[in-house]
$ cat my_file31.cif   # mmCIF, C-alpha atoms
data_work
loop_
_atom_site.group_PDB
_atom_site.id
_atom_site.type_symbol
_atom_site.label_atom_id
_atom_site.label_comp_id
_atom_site.auth_asym_id
_atom_site.auth_seq_id
_atom_site.Cartn_x
_atom_site.Cartn_y
_atom_site.Cartn_z
ATOM 1 C CA MET V 300 10.741 -4.501 14.654
ATOM 2 C CA SER V 301 11.890 -6.119 11.409
ATOM 3 C CA GLN V 302 15.093 -4.930 9.759
ATOM 4 C CA PRO V 303 14.920 -3.113 6.399
ATOM 5 C CA ALA V 304 16.372 -4.927 3.393
ATOM 6 C CA LYS V 305 18.924 -3.548 0.939
ATOM 7 C CA TYR V 306 18.692 -3.710 -2.863
ATOM 8 C CA PRO V 307 21.543 -1.850 -4.633
ATOM 9 C CA ASP V 308 19.845 -2.141 -8.030
ATOM 10 C CA LEU V 309 17.198 0.388 -6.934
ATOM 11 C CA ALA V 310 19.721 3.232 -6.728
ATOM 12 C CA GLY V 311 18.682 5.983 -9.135
ATOM 13 C CA LYS V 312 15.284 4.438 -9.879
ATOM 14 C CA THR V 313 12.159 6.593 -9.629
ATOM 15 C CA ALA V 314 9.233 5.465 -7.495
ATOM 16 C CA LEU V 315 5.690 6.771 -7.276
ATOM 17 C CA VAL V 316 3.916 5.974 -4.001
ATOM 18 C CA MET V 317 0.166 6.534 -3.889
ATOM 19 C CA GLY V 318 -0.960 6.945 -0.274
ATOM 20 C CA ILE V 319 2.362 8.125 1.135
ATOM 21 C CA GLY V 320 0.987 9.989 4.147
ATOM 22 C CA GLN V 321 0.417 8.807 7.681
ATOM 23 C CA ALA V 322 -1.165 9.952 10.908
ATOM 24 C CA GLN V 323 1.014 11.949 13.251
ATOM 25 C CA ILE V 324 0.948 10.641 16.822
ATOM 26 C CA PRO V 325 2.946 12.786 19.250
ATOM 27 C CA GLY V 326 5.993 10.950 20.576
ATOM 28 C CA SER V 327 5.497 7.946 18.295
ATOM 29 C CA GLU V 328 8.171 6.515 16.008
ATOM 30 C CA THR V 329 5.699 4.218 14.213
ATOM 31 C CA TRP V 330 5.548 4.332 10.421
ATOM 32 C CA GLY V 331 2.482 3.795 8.252
ATOM 33 C CA ASN V 332 2.608 1.325 5.376
ATOM 34 C CA GLY V 333 2.891 3.866 2.566
ATOM 35 C CA ALA V 334 5.371 5.981 4.496
ATOM 36 C CA ALA V 335 7.525 2.944 5.301
ATOM 37 C CA ILE V 336 7.485 1.841 1.656
ATOM 38 C CA ALA V 337 8.599 5.301 0.558
ATOM 39 C CA ARG V 338 11.280 5.375 3.261
ATOM 40 C CA LEU V 339 12.766 2.008 2.307
ATOM 41 C CA LEU V 340 12.763 2.890 -1.376
ATOM 42 C CA ALA V 341 14.605 6.110 -0.537
ATOM 43 C CA GLN V 342 17.047 4.244 1.709
ATOM 44 C CA ASN V 343 17.838 2.053 -1.278
ATOM 45 C CA GLY V 344 18.635 5.088 -3.412
ATOM 46 C CA ALA V 345 15.342 5.534 -5.246
ATOM 47 C CA LYS V 346 13.974 9.004 -5.975
ATOM 48 C CA VAL V 347 10.513 8.994 -4.404
ATOM 49 C CA PHE V 348 7.483 10.986 -5.492
ATOM 50 C CA GLY V 349 4.333 10.580 -3.422
ATOM 51 C CA ALA V 350 0.708 11.598 -3.308
ATOM 52 C CA ASP V 351 -1.870 11.611 -0.559
ATOM 53 C CA LEU V 352 -5.329 13.037 0.053
ATOM 54 C CA SER V 353 -3.871 14.894 3.031
ATOM 55 C CA LEU V 354 -0.970 17.151 2.095
ATOM 56 C CA PRO V 355 0.154 17.604 5.748
ATOM 57 C CA ALA V 356 0.299 13.807 6.134
ATOM 58 C CA ALA V 357 2.328 13.503 2.939
ATOM 59 C CA GLU V 358 4.679 16.298 3.968
ATOM 60 C CA PHE V 359 5.190 14.637 7.353
ATOM 61 C CA THR V 360 6.463 11.518 5.577
ATOM 62 C CA ALA V 361 8.609 13.545 3.191
ATOM 63 C CA THR V 362 10.196 15.476 6.058
ATOM 64 C CA ARG V 363 11.126 12.269 7.876
ATOM 65 C CA ILE V 364 12.634 10.771 4.721
ATOM 66 C CA ARG V 365 14.607 13.902 3.871
ATOM 67 C CA SER V 366 15.967 14.058 7.412
ATOM 68 C CA GLU V 367 17.642 10.714 6.662
ATOM 69 C CA GLY V 368 19.121 11.967 3.403
ATOM 70 C CA GLY V 369 16.482 10.526 1.068
ATOM 71 C CA ILE V 370 14.865 12.172 -1.946
ATOM 72 C CA CYS V 371 11.111 12.619 -1.617
ATOM 73 C CA ASP V 372 8.672 15.052 -3.220
ATOM 74 C CA VAL V 373 4.964 15.004 -2.460
ATOM 75 C CA MET V 374 1.713 16.567 -3.558
ATOM 76 C CA GLN V 375 -1.960 16.440 -2.635
ATOM 77 C CA ALA V 376 -4.242 14.276 -4.727
ATOM 78 C CA ASP V 377 -7.485 12.312 -4.600
ATOM 79 C CA VAL V 378 -6.512 9.005 -6.173
ATOM 80 C CA THR V 379 -10.141 8.216 -6.981
ATOM 81 C CA SER V 380 -10.064 11.142 -9.442
ATOM 82 C CA LYS V 381 -8.545 10.522 -12.863
ATOM 83 C CA ALA V 382 -7.715 14.210 -13.218
ATOM 84 C CA ASP V 383 -5.807 14.197 -9.922
ATOM 85 C CA VAL V 384 -3.934 11.011 -10.778
ATOM 86 C CA GLN V 385 -2.968 12.478 -14.155
ATOM 87 C CA LYS V 386 -1.657 15.619 -12.428
ATOM 88 C CA VAL V 387 0.503 13.503 -10.121
ATOM 89 C CA VAL V 388 1.945 11.479 -12.989
ATOM 90 C CA ASP V 389 2.563 14.603 -15.078
ATOM 91 C CA ALA V 390 4.325 16.276 -12.139
ATOM 92 C CA MET V 391 6.525 13.242 -11.548
ATOM 93 C CA LEU V 392 7.443 12.966 -15.212
ATOM 94 C CA GLU V 393 8.325 16.650 -15.282
ATOM 95 C CA LYS V 394 10.489 16.147 -12.201
ATOM 96 C CA HIS V 395 12.189 12.836 -13.032
ATOM 97 C CA GLY V 396 11.335 11.993 -16.650
ATOM 98 C CA ARG V 397 10.245 8.425 -15.980
ATOM 99 C CA ILE V 398 8.424 6.115 -13.554
ATOM 100 C CA ASP V 399 10.216 2.888 -12.714
ATOM 101 C CA ILE V 400 8.108 1.796 -9.745
ATOM 102 C CA LEU V 401 4.460 2.339 -8.843
ATOM 103 C CA ALA V 402 3.283 1.397 -5.351
ATOM 104 C CA ASN V 403 -0.486 1.602 -4.886
ATOM 105 C CA ASN V 404 -0.971 1.816 -1.145
ATOM 106 C CA VAL V 405 -4.303 3.633 -0.770
ATOM 107 C CA GLY V 406 -7.064 1.863 1.154
ATOM 108 C CA ALA V 407 -9.607 2.163 3.923
ATOM 109 C CA THR V 408 -12.121 -0.174 5.535
ATOM 110 C CA ALA V 409 -15.708 0.277 6.650
ATOM 111 C CA THR V 410 -17.946 -2.004 8.685
ATOM 112 C CA GLY V 411 -21.036 -3.520 7.122
ATOM 113 C CA ASP V 412 -22.682 -6.599 5.623
ATOM 114 C CA PRO V 413 -24.581 -6.682 2.306
ATOM 115 C CA ALA V 414 -27.938 -6.065 3.991
ATOM 116 C CA SER V 415 -26.886 -3.209 6.248
ATOM 117 C CA MET V 416 -24.258 -1.341 4.227
ATOM 118 C CA ALA V 417 -25.589 1.745 2.466
ATOM 119 C CA GLU V 418 -25.135 1.852 -1.287
ATOM 120 C CA GLU V 419 -23.178 5.097 -1.023
ATOM 121 C CA LEU V 420 -20.724 3.546 1.416
ATOM 122 C CA TRP V 421 -20.310 0.476 -0.788
ATOM 123 C CA ASP V 422 -19.501 2.711 -3.768
ATOM 124 C CA LYS V 423 -17.009 4.750 -1.732
ATOM 125 C CA GLN V 424 -15.255 1.587 -0.536
ATOM 126 C CA VAL V 425 -14.926 0.264 -4.072
ATOM 127 C CA GLN V 426 -13.627 3.626 -5.261
ATOM 128 C CA ILE V 427 -10.922 4.004 -2.649
ATOM 129 C CA ASN V 428 -9.793 0.364 -2.538
ATOM 130 C CA LEU V 429 -10.174 -0.727 -6.166
ATOM 131 C CA LYS V 430 -10.761 2.224 -8.462
ATOM 132 C CA SER V 431 -7.646 3.926 -7.061
ATOM 133 C CA VAL V 432 -5.554 0.973 -8.225
ATOM 134 C CA TYR V 433 -7.175 0.950 -11.650
ATOM 135 C CA LEU V 434 -6.713 4.705 -12.157
ATOM 136 C CA ALA V 435 -3.043 4.696 -11.182
ATOM 137 C CA CYS V 436 -2.386 1.751 -13.496
ATOM 138 C CA HIS V 437 -4.531 3.341 -16.217
ATOM 139 C CA VAL V 438 -2.272 6.405 -16.272
ATOM 140 C CA VAL V 439 1.111 4.879 -15.383
ATOM 141 C CA LEU V 440 1.144 1.644 -17.411
ATOM 142 C CA PRO V 441 1.332 3.450 -20.785
ATOM 143 C CA VAL V 442 4.383 5.312 -19.442
ATOM 144 C CA MET V 443 6.047 2.057 -18.412
ATOM 145 C CA GLU V 444 5.153 0.434 -21.727
ATOM 146 C CA ARG V 445 6.860 3.277 -23.612
ATOM 147 C CA GLN V 446 9.905 2.862 -21.380
ATOM 148 C CA GLY V 447 9.917 -0.874 -21.979
ATOM 149 C CA CYS V 448 10.160 -1.564 -18.247
ATOM 150 C CA GLY V 449 8.502 -0.923 -14.914
ATOM 151 C CA VAL V 450 7.157 -2.542 -11.774
ATOM 152 C CA VAL V 451 3.755 -2.170 -10.115
ATOM 153 C CA ILE V 452 2.954 -3.346 -6.588
ATOM 154 C CA ASN V 453 -0.656 -3.178 -5.411
ATOM 155 C CA ASN V 454 -1.488 -3.281 -1.712
ATOM 156 C CA ALA V 455 -4.321 -5.745 -1.147
ATOM 157 C CA SER V 456 -5.130 -7.443 2.186
ATOM 158 C CA ILE V 457 -5.616 -10.852 3.744
ATOM 159 C CA ALA V 458 -9.280 -9.784 3.936
ATOM 160 C CA GLY V 459 -9.316 -10.340 0.183
ATOM 161 C CA LEU V 460 -8.332 -13.980 0.707
ATOM 162 C CA ARG V 461 -10.668 -15.169 3.472
ATOM 163 C CA TYR V 462 -13.131 -13.984 6.071
ATOM 164 C CA ILE V 463 -11.063 -12.834 9.041
ATOM 165 C CA GLY V 464 -13.907 -12.218 11.490
ATOM 166 C CA LYS V 465 -14.743 -8.613 10.632
ATOM 167 C CA PRO V 466 -17.991 -7.613 8.848
ATOM 168 C CA GLN V 467 -16.359 -5.552 6.101
ATOM 169 C CA VAL V 468 -17.923 -6.948 2.961
ATOM 170 C CA ALA V 469 -17.092 -4.048 0.623
ATOM 171 C CA TYR V 470 -13.467 -3.808 1.726
ATOM 172 C CA SER V 471 -12.961 -7.574 1.473
ATOM 173 C CA SER V 472 -14.584 -7.706 -1.956
ATOM 174 C CA ALA V 473 -12.556 -4.790 -3.275
ATOM 175 C CA LYS V 474 -9.287 -6.217 -1.980
ATOM 176 C CA ALA V 475 -10.084 -9.602 -3.547
ATOM 177 C CA ALA V 476 -10.656 -7.731 -6.802
ATOM 178 C CA VAL V 477 -7.278 -5.992 -6.439
ATOM 179 C CA ILE V 478 -5.591 -9.387 -6.263
ATOM 180 C CA HIS V 479 -7.339 -10.610 -9.408
ATOM 181 C CA PHE V 480 -6.830 -7.279 -11.194
ATOM 182 C CA THR V 481 -3.127 -7.746 -10.474
ATOM 183 C CA ARG V 482 -3.032 -11.255 -11.938
ATOM 184 C CA VAL V 483 -4.873 -10.320 -15.117
ATOM 185 C CA THR V 484 -2.898 -7.125 -15.682
ATOM 186 C CA ALA V 485 0.395 -8.942 -15.063
ATOM 187 C CA VAL V 486 -0.335 -11.404 -17.852
ATOM 188 C CA MET V 487 -1.317 -8.608 -20.237
ATOM 189 C CA TYR V 488 1.920 -6.697 -19.598
ATOM 190 C CA ALA V 489 4.390 -9.554 -19.089
ATOM 191 C CA GLY V 490 5.636 -9.278 -22.655
ATOM 192 C CA LYS V 491 6.041 -5.504 -22.398
ATOM 193 C CA GLY V 492 8.730 -5.471 -19.747
ATOM 194 C CA VAL V 493 6.346 -4.579 -16.939
ATOM 195 C CA ARG V 494 5.874 -6.709 -13.837
ATOM 196 C CA VAL V 495 2.726 -6.435 -11.689
ATOM 197 C CA ASN V 496 2.343 -8.046 -8.266
ATOM 198 C CA SER V 497 0.321 -7.508 -5.120
ATOM 199 C CA ILE V 498 0.945 -7.848 -1.410
ATOM 200 C CA ALA V 499 -1.576 -8.925 1.213
ATOM 201 C CA PRO V 500 -0.655 -7.604 4.662
ATOM 202 C CA GLY V 501 -2.206 -9.147 7.739
ATOM 203 C CA LEU V 502 -2.446 -7.519 11.158
ATOM 204 C CA MET V 503 0.180 -4.788 11.197
ATOM 205 C CA TYR V 504 1.073 -2.445 14.019
ATOM 206 C CA THR V 505 0.690 0.910 12.290
ATOM 207 C CA PRO V 506 -0.280 4.431 13.419
ATOM 208 C CA LEU V 507 -3.912 3.472 12.742
ATOM 209 C CA VAL V 508 -3.736 0.707 15.341
ATOM 210 C CA GLU V 509 -1.679 2.816 17.717
ATOM 211 C CA SER V 510 -4.217 5.627 17.479
ATOM 212 C CA LEU V 511 -6.986 3.369 18.798
ATOM 213 C CA LYS V 512 -5.302 3.268 22.186
ATOM 214 C CA ALA V 513 -4.406 6.947 22.057
ATOM 215 C CA ASN V 514 -8.031 7.842 21.292
ATOM 216 C CA GLY V 515 -9.529 5.797 24.109
ATOM 217 C CA GLN V 516 -10.662 2.826 22.011
ATOM 218 C CA GLU V 517 -8.982 0.346 24.308
ATOM 219 C CA GLU V 518 -11.369 -2.528 23.548
ATOM 220 C CA ALA V 519 -10.765 -2.358 19.806
ATOM 221 C CA TYR V 520 -7.031 -2.063 20.458
ATOM 222 C CA ARG V 521 -7.109 -5.084 22.781
ATOM 223 C CA ARG V 522 -8.976 -7.263 20.239
ATOM 224 C CA ILE V 523 -6.346 -6.558 17.601
ATOM 225 C CA MET V 524 -3.390 -7.059 19.906
ATOM 226 C CA GLU V 525 -4.715 -10.385 21.235
ATOM 227 C CA GLN V 526 -5.127 -12.083 17.859
ATOM 228 C CA PRO V 527 -3.667 -15.620 17.806
ATOM 229 C CA ILE V 528 -1.005 -15.066 15.159
ATOM 230 C CA PRO V 529 1.040 -18.264 14.737
ATOM 231 C CA MET V 530 4.355 -16.388 14.841
ATOM 232 C CA GLY V 531 3.291 -14.896 18.167
ATOM 233 C CA ARG V 532 3.517 -11.222 17.213
ATOM 234 C CA MET V 533 2.039 -8.585 14.973
ATOM 235 C CA GLY V 534 3.942 -7.400 11.963
ATOM 236 C CA ASP V 535 4.705 -3.775 11.256
ATOM 237 C CA ALA V 536 5.093 -1.397 8.340
ATOM 238 C CA VAL V 537 8.717 -2.451 7.839
ATOM 239 C CA ASP V 538 7.449 -5.947 6.988
ATOM 240 C CA VAL V 539 5.118 -4.434 4.384
ATOM 241 C CA ALA V 540 7.896 -2.232 3.024
ATOM 242 C CA ASN V 541 10.350 -5.141 2.808
ATOM 243 C CA ALA V 542 7.887 -7.176 0.743
ATOM 244 C CA THR V 543 7.073 -4.251 -1.532
ATOM 245 C CA VAL V 544 10.670 -3.238 -2.155
ATOM 246 C CA PHE V 545 11.680 -6.856 -2.779
ATOM 247 C CA LEU V 546 9.026 -7.096 -5.490
ATOM 248 C CA ALA V 547 10.225 -3.785 -6.932
ATOM 249 C CA SER V 548 13.822 -4.985 -7.121
ATOM 250 C CA ASP V 549 15.703 -7.120 -9.614
ATOM 251 C CA ALA V 550 15.717 -9.874 -6.991
ATOM 252 C CA ALA V 551 12.096 -10.448 -8.025
ATOM 253 C CA GLY V 552 12.839 -10.100 -11.722
ATOM 254 C CA TYR V 553 11.074 -13.347 -12.680
ATOM 255 C CA ILE V 554 8.048 -12.789 -10.443
ATOM 256 C CA THR V 555 4.843 -11.349 -11.862
ATOM 257 C CA GLY V 556 1.127 -11.919 -11.321
ATOM 258 C CA GLN V 557 1.696 -13.074 -7.751
ATOM 259 C CA ASN V 558 0.209 -12.108 -4.393
ATOM 260 C CA LEU V 559 2.689 -12.088 -1.509
ATOM 261 C CA VAL V 560 1.037 -12.677 1.875
ATOM 262 C CA ILE V 561 2.665 -10.986 4.889
ATOM 263 C CA ASP V 562 0.739 -12.158 7.949
ATOM 264 C CA GLY V 563 2.850 -14.318 10.262
ATOM 265 C CA GLY V 564 0.787 -17.365 9.289
ATOM 266 C CA PHE V 565 -2.574 -15.828 10.220
ATOM 267 C CA THR V 566 -4.486 -16.814 7.063
ATOM 268 C CA SER V 567 -3.166 -20.368 7.327
ATOM 269 C CA SER V 568 -4.763 -20.638 10.770
ATOM 270 C CA ALA V 569 -8.475 -21.275 11.292
ATOM 271 C CA VAL V 570 -8.566 -19.181 14.468
ATOM 272 C CA SER V 571 -9.582 -15.531 14.702
ATOM 273 C CA LYS V 572 -10.878 -13.389 17.580
ATOM 274 C CA LEU V 573 -11.779 -10.271 15.568
#
$ encode --input "my_file31.cif" --output "structure tokens"
Amino acid sequence: MSQPAKYPDLAGKTALVMGIGQAQIPGSETWGNGAAIARLLAQNGAKVFGADLSLPAAEFTATRIRSEGGICDVMQADVTSKADVQKVVDAMLEKHGRIDILANNVGATATGDPASMAEELWDKQVQINLKSVYLACHVVLPVMERQGCGVVINNASIAGLRYIGKPQVAYSSAKAAVIHFTRVTAVMYAGKGVRVNSIAPGLMYTPLVESLKANGQEEAYRRIMEQPIPMGRMGDAVDVANATVFLASDAAGYITGQNLVIDGGFTSSAVSKL
């Protein structure tokens, strides 16, 4: 497992993590991407506020973070609903008075090509993977503009960069849009003290992957684990968290409008077994 990075300048900052929850697998110490991001922010002294569609999943993350001495408050919210997103932002502002960091981590994939995917499923994929990013930015960016500072990190995917062997046309399209949304928004807000970047994780060993084996989906688990990643191993949520927290820190103070790929060289390789 990768080692978490340290950024002293984050101490006392406030961070909003959308999609903070994770699946609970008995006996597992694995962290999900959003949970690991929240954990590393808290370990660096940030005051974390998180939202998730599942309150038990969010509370599970918060409990783990608090057990390590971190500050983390959570609430239930559907991030595809403007009203819910507004409630989350209002609650965080009431609690902490400002929002220094926004991490948009919500996402989900669904199988399908343009001919076979139902219109309803396409719309749902766009809502959860793209509209969620827009809504959080729609509500939070005016807060950051008033503050004169802030950082946004949007979680995209290598599926938004190239075809990786999986028929997931809506997910791939939405994640590609997240990357471009990030670039355009970054330029618009560069002069307002707000930085906006995205990350593109590759194949990460998360509770979602771990659950495939636990739920008897050994073939799907095997296909993922046997991918020819040039570095010879899968990444994990700590890798995702390290990239996110780096971009949130002053160490990335002159970086905006960029997409940071975290994939062990996978997208630079022409080989895929998915």
$ residues_around --input "my_file31.cif" --residues "Thr555 (chain V)" --least-positions-apart "5" --cutoff "10 Å" --atoms "all atoms listed in the file" --output "number ranges by chain"
V: 450-452, 481-482, 484-486, 488-489, 493-497, 546
$ resolve_selection --input "my_file31.cif" --expression "the PyMOL selection byres ((chain V and resi 562-568) around 9)" --output "PyMOL selection string"
chain V and resi 457+460-461+463+499-503+526-534+560-561+569-571
$ residues_near_point --input "my_file31.cif" --point "(-1.7, 8.5, 8.5)" --cutoff "10 Å" --atoms "all atoms listed in the file" --output "PDB file with C-alpha atoms, keeping the file's coordinate frame"
ATOM      1  CA  GLY V 318      -0.960   6.945  -0.274  1.00  0.00           C
ATOM      2  CA  ILE V 319       2.362   8.125   1.135  1.00  0.00           C
ATOM      3  CA  GLY V 320       0.987   9.989   4.147  1.00  0.00           C
ATOM      4  CA  GLN V 321       0.417   8.807   7.681  1.00  0.00           C
ATOM      5  CA  ALA V 322      -1.165   9.952  10.908  1.00  0.00           C
ATOM      6  CA  GLN V 323       1.014  11.949  13.251  1.00  0.00           C
ATOM      7  CA  ILE V 324       0.948  10.641  16.822  1.00  0.00           C
ATOM      8  CA  TRP V 330       5.548   4.332  10.421  1.00  0.00           C
ATOM      9  CA  GLY V 331       2.482   3.795   8.252  1.00  0.00           C
ATOM     10  CA  ASN V 332       2.608   1.325   5.376  1.00  0.00           C
ATOM     11  CA  GLY V 333       2.891   3.866   2.566  1.00  0.00           C
ATOM     12  CA  ALA V 334       5.371   5.981   4.496  1.00  0.00           C
ATOM     13  CA  ASP V 351      -1.870  11.611  -0.559  1.00  0.00           C
ATOM     14  CA  SER V 353      -3.871  14.894   3.031  1.00  0.00           C
ATOM     15  CA  PRO V 355       0.154  17.604   5.748  1.00  0.00           C
ATOM     16  CA  ALA V 356       0.299  13.807   6.134  1.00  0.00           C
ATOM     17  CA  ALA V 357       2.328  13.503   2.939  1.00  0.00           C
ATOM     18  CA  PHE V 359       5.190  14.637   7.353  1.00  0.00           C
ATOM     19  CA  THR V 360       6.463  11.518   5.577  1.00  0.00           C
ATOM     20  CA  THR V 505       0.690   0.910  12.290  1.00  0.00           C
ATOM     21  CA  PRO V 506      -0.280   4.431  13.419  1.00  0.00           C
ATOM     22  CA  LEU V 507      -3.912   3.472  12.742  1.00  0.00           C
ATOM     23  CA  SER V 510      -4.217   5.627  17.479  1.00  0.00           C
TER      24      SER V 510
END
$ atom_distance --input "my_file31.cif" --atom1 "CA of Phe348 (chain V)" --atom2 "CA of Asp372 (chain V)"
4.8 Å
$ closest_residue --input "my_file31.cif" --among "V:Ala455, V:Val477, V:Leu340, V:Val378" --to "Asp308 (chain V)" --atoms "only C-alpha atoms"
V:Leu340
$ atom_distance --input "my_file31.cif" --atom1 "CA of Gly492 (chain V)" --atom2 "CA of Met443 (chain V)"
8.1 Å
$ atom_distance --input "my_file31.cif" --atom1 "CA of Arg338 (chain V)" --atom2 "CA of Val483 (chain V)"
29.1 Å
$ closest_residue --input "my_file31.cif" --among "V:Ala382, V:Val316, V:Val388, V:Leu339" --to "Gly368 (chain V)" --atoms "all atoms listed in the file"
V:Leu339
$ build_atoms --input "my_file31.cif" --residues "region 348-364 of chain V" --atoms "N, CA, C and O atoms" --output "compact mmCIF listing (two decimals), in the coordinates of the input"
# COMPACT_ATOMS: atom_id res chain seq x y z
N PHE V 348 8.50 9.96 -5.28
CA PHE V 348 7.48 10.99 -5.49
C PHE V 348 6.19 10.41 -4.94
O PHE V 348 5.83 9.27 -5.27
N GLY V 349 5.51 11.14 -4.07
CA GLY V 349 4.33 10.58 -3.42
C GLY V 349 3.12 11.48 -3.48
O GLY V 349 3.24 12.70 -3.63
N ALA V 350 1.96 10.86 -3.34
CA ALA V 350 0.71 11.60 -3.31
C ALA V 350 -0.16 11.08 -2.18
O ALA V 350 -0.10 9.91 -1.81
N ASP V 351 -0.96 11.98 -1.63
CA ASP V 351 -1.87 11.61 -0.56
C ASP V 351 -3.03 12.60 -0.55
O ASP V 351 -2.87 13.76 -0.96
N LEU V 352 -4.17 12.15 -0.06
CA LEU V 352 -5.33 13.04 0.05
C LEU V 352 -5.04 14.18 1.02
O LEU V 352 -5.51 15.30 0.84
N SER V 353 -4.26 13.89 2.05
CA SER V 353 -3.87 14.89 3.03
C SER V 353 -2.46 15.37 2.75
O SER V 353 -1.50 14.61 2.91
N LEU V 354 -2.31 16.62 2.36
CA LEU V 354 -0.97 17.15 2.10
C LEU V 354 -0.12 17.21 3.36
O LEU V 354 1.07 16.85 3.31
N PRO V 355 -0.67 17.62 4.52
CA PRO V 355 0.15 17.60 5.75
C PRO V 355 0.68 16.21 6.08
O PRO V 355 1.82 16.05 6.52
N ALA V 356 -0.15 15.18 5.87
CA ALA V 356 0.30 13.81 6.13
C ALA V 356 1.41 13.41 5.19
O ALA V 356 2.38 12.74 5.57
N ALA V 357 1.29 13.81 3.93
CA ALA V 357 2.33 13.50 2.94
C ALA V 357 3.62 14.25 3.27
O ALA V 357 4.71 13.68 3.18
N GLU V 358 3.49 15.50 3.65
CA GLU V 358 4.68 16.30 3.97
C GLU V 358 5.38 15.78 5.22
O GLU V 358 6.60 15.87 5.34
N PHE V 359 4.60 15.23 6.15
CA PHE V 359 5.19 14.64 7.35
C PHE V 359 6.11 13.49 6.97
O PHE V 359 7.24 13.36 7.45
N THR V 360 5.63 12.63 6.06
CA THR V 360 6.46 11.52 5.58
C THR V 360 7.70 12.04 4.85
O THR V 360 8.82 11.57 5.09
N ALA V 361 7.49 13.02 3.97
CA ALA V 361 8.61 13.54 3.19
C ALA V 361 9.68 14.15 4.10
O ALA V 361 10.89 13.96 3.87
N THR V 362 9.25 14.86 5.13
CA THR V 362 10.20 15.48 6.06
C THR V 362 11.03 14.43 6.77
O THR V 362 12.26 14.57 6.93
N ARG V 363 10.40 13.35 7.19
CA ARG V 363 11.13 12.27 7.88
C ARG V 363 12.13 11.60 6.94
O ARG V 363 13.25 11.28 7.33
N ILE V 364 11.74 11.41 5.69
CA ILE V 364 12.63 10.77 4.72
C ILE V 364 13.81 11.69 4.39
O ILE V 364 14.96 11.25 4.33
